Amino acid sequence: QVQLVESGGGLVQAGDSLRLSCAASGRTFSRYAMGWFRQAPGKEREFVSAITWSATNTYYADSVKGRCTISRDNAKNTVYLQMNSLKPEDTAVYYCAATERGYYSGRYSSSDEYRYWGQGTQVTVSS
């Protein structure tokens, strides 16, 4: 198993940047595909970005493509989400998720693909 702890959220103005971090426990972080999802009030959880275990492949939702960059540091057991040019519609709780290499089927944008979830970090973007 792996435990995930997000950080880096906060209250910012439109156009600002934030970098979210997700620290994972355990010694096999490099075997996990990682994802970021978000959930706004009254809306369903939606995919934001994902990265494979070796960072060979990265994926983005159309709504954040060009504004966000996902990366990982396997030596630090941490995945990051750099978000630039933030918009009010980016306001949501952001969740980090993980799934083992053997469990991953390639459906990176589906929450069902991920076995482990963090508690979330709030991002609020004011206009």
# chains A, B, ... in the order shown; residues from 1 in each chain; ligands from 1
>>> residues_around(residues="range 44-59 of chain A", least_positions_apart="2", cutoff="10 Å", atoms="only C-alpha atoms", output="ChimeraX atom specification")
/A:29-42,61-65,68-74,79-81,92-101,104,106,108-111
>>> select_by_dssp(residues="chain A", states="helix (DSSP H, G or I)", output="ChimeraX atom specification")
/A:29-31,88-90,111-113
>>> write_last_selection(atoms="N, CA and C atoms", output="mmCIF file, in the first residue's frame")
data_model
loop_
_atom_site.group_PDB
_atom_site.id
_atom_site.type_symbol
_atom_site.label_atom_id
_atom_site.label_comp_id
_atom_site.auth_asym_id
_atom_site.auth_seq_id
_atom_site.Cartn_x
_atom_site.Cartn_y
_atom_site.Cartn_z
ATOM 1 N N PHE A 29 7.706 3.668 -4.802
ATOM 2 C CA PHE A 29 7.012 4.766 -5.491
ATOM 3 C C PHE A 29 7.224 4.704 -6.993
ATOM 4 N N SER A 30 8.393 4.276 -7.411
ATOM 5 C CA SER A 30 8.716 4.238 -8.837
ATOM 6 C C SER A 30 7.885 3.205 -9.591
ATOM 7 N N ARG A 31 7.118 2.381 -8.907
ATOM 8 C CA ARG A 31 6.262 1.386 -9.550
ATOM 9 C C ARG A 31 4.820 1.860 -9.716
ATOM 10 N N PRO A 88 -10.549 31.181 -12.290
ATOM 11 C CA PRO A 88 -11.540 30.881 -11.233
ATOM 12 C C PRO A 88 -12.139 29.481 -11.379
ATOM 13 N N GLU A 89 -12.287 29.018 -12.608
ATOM 14 C CA GLU A 89 -12.857 27.689 -12.822
ATOM 15 C C GLU A 89 -11.911 26.549 -12.421
ATOM 16 N N ASP A 90 -10.691 26.888 -12.046
ATOM 17 C CA ASP A 90 -9.772 25.884 -11.508
ATOM 18 C C ASP A 90 -10.007 25.645 -10.019
ATOM 19 N N SER A 111 -11.060 7.573 -12.724
ATOM 20 C CA SER A 111 -10.757 7.457 -11.299
ATOM 21 C C SER A 111 -10.746 5.994 -10.859
ATOM 22 N N ASP A 112 -11.449 5.141 -11.570
ATOM 23 C CA ASP A 112 -11.474 3.716 -11.236
ATOM 24 C C ASP A 112 -10.113 3.050 -11.424
ATOM 25 N N GLU A 113 -9.243 3.702 -12.165
ATOM 26 C CA GLU A 113 -7.921 3.141 -12.434
ATOM 27 C C GLU A 113 -7.007 3.207 -11.214
#
>>> residues_around(residues="range 4-16 of chain A", least_positions_apart="3", cutoff="6 Å", atoms="only C-alpha atoms", output="list in words")
Arg19, Leu20, Ser21, Cys22, Ala23, Ala24, Ser85, Leu86, Lys87, Gly118, Gly120, Thr121, Gln122, Val123, Thr124, Val125, Ser126 and Ser127 of chain A
>>> select_by_dssp(residues="range 42-80 of chain A", states="strand (DSSP E)", output="PyMOL selection string")
chain A and resi 46-51+58-60+68-73+78-80
>>> write_last_selection(atoms="C-alpha atoms", output="PDB file, in the first residue's frame")
ATOM      1  CA  GLU A  46     -12.642  15.060 -12.854  1.00  0.00           C
ATOM      2  CA  PHE A  47      -9.287  14.082 -14.279  1.00  0.00           C
ATOM      3  CA  VAL A  48      -6.564  16.721 -14.421  1.00  0.00           C
ATOM      4  CA  SER A  49      -3.286  15.015 -15.236  1.00  0.00           C
ATOM      5  CA  ALA A  50      -1.380  11.744 -14.971  1.00  0.00           C
ATOM      6  CA  ILE A  51       2.156  10.453 -15.252  1.00  0.00           C
ATOM      7  CA  THR A  58       2.207  12.394 -19.260  1.00  0.00           C
ATOM      8  CA  TYR A  59      -1.428  13.188 -19.853  1.00  0.00           C
ATOM      9  CA  TYR A  60      -3.580  16.276 -19.387  1.00  0.00           C
ATOM     10  CA  CYS A  68      -0.212  22.653 -16.145  1.00  0.00           C
ATOM     11  CA  THR A  69       2.830  20.421 -15.967  1.00  0.00           C
ATOM     12  CA  ILE A  70       2.999  17.143 -14.070  1.00  0.00           C
ATOM     13  CA  SER A  71       6.329  15.767 -12.947  1.00  0.00           C
ATOM     14  CA  ARG A  72       7.724  13.324 -10.438  1.00  0.00           C
ATOM     15  CA  ASP A  73      10.846  12.806  -8.412  1.00  0.00           C
ATOM     16  CA  THR A  78       6.858  12.964  -4.766  1.00  0.00           C
ATOM     17  CA  VAL A  79       4.709  13.978  -7.710  1.00  0.00           C
ATOM     18  CA  TYR A  80       4.100  17.606  -8.593  1.00  0.00           C
TER      19      TYR A  80
END
>>> atom_distance(atom1="CA of Arg67 in chain A", atom2="CA of Met83 in chain A")
5.9 Å
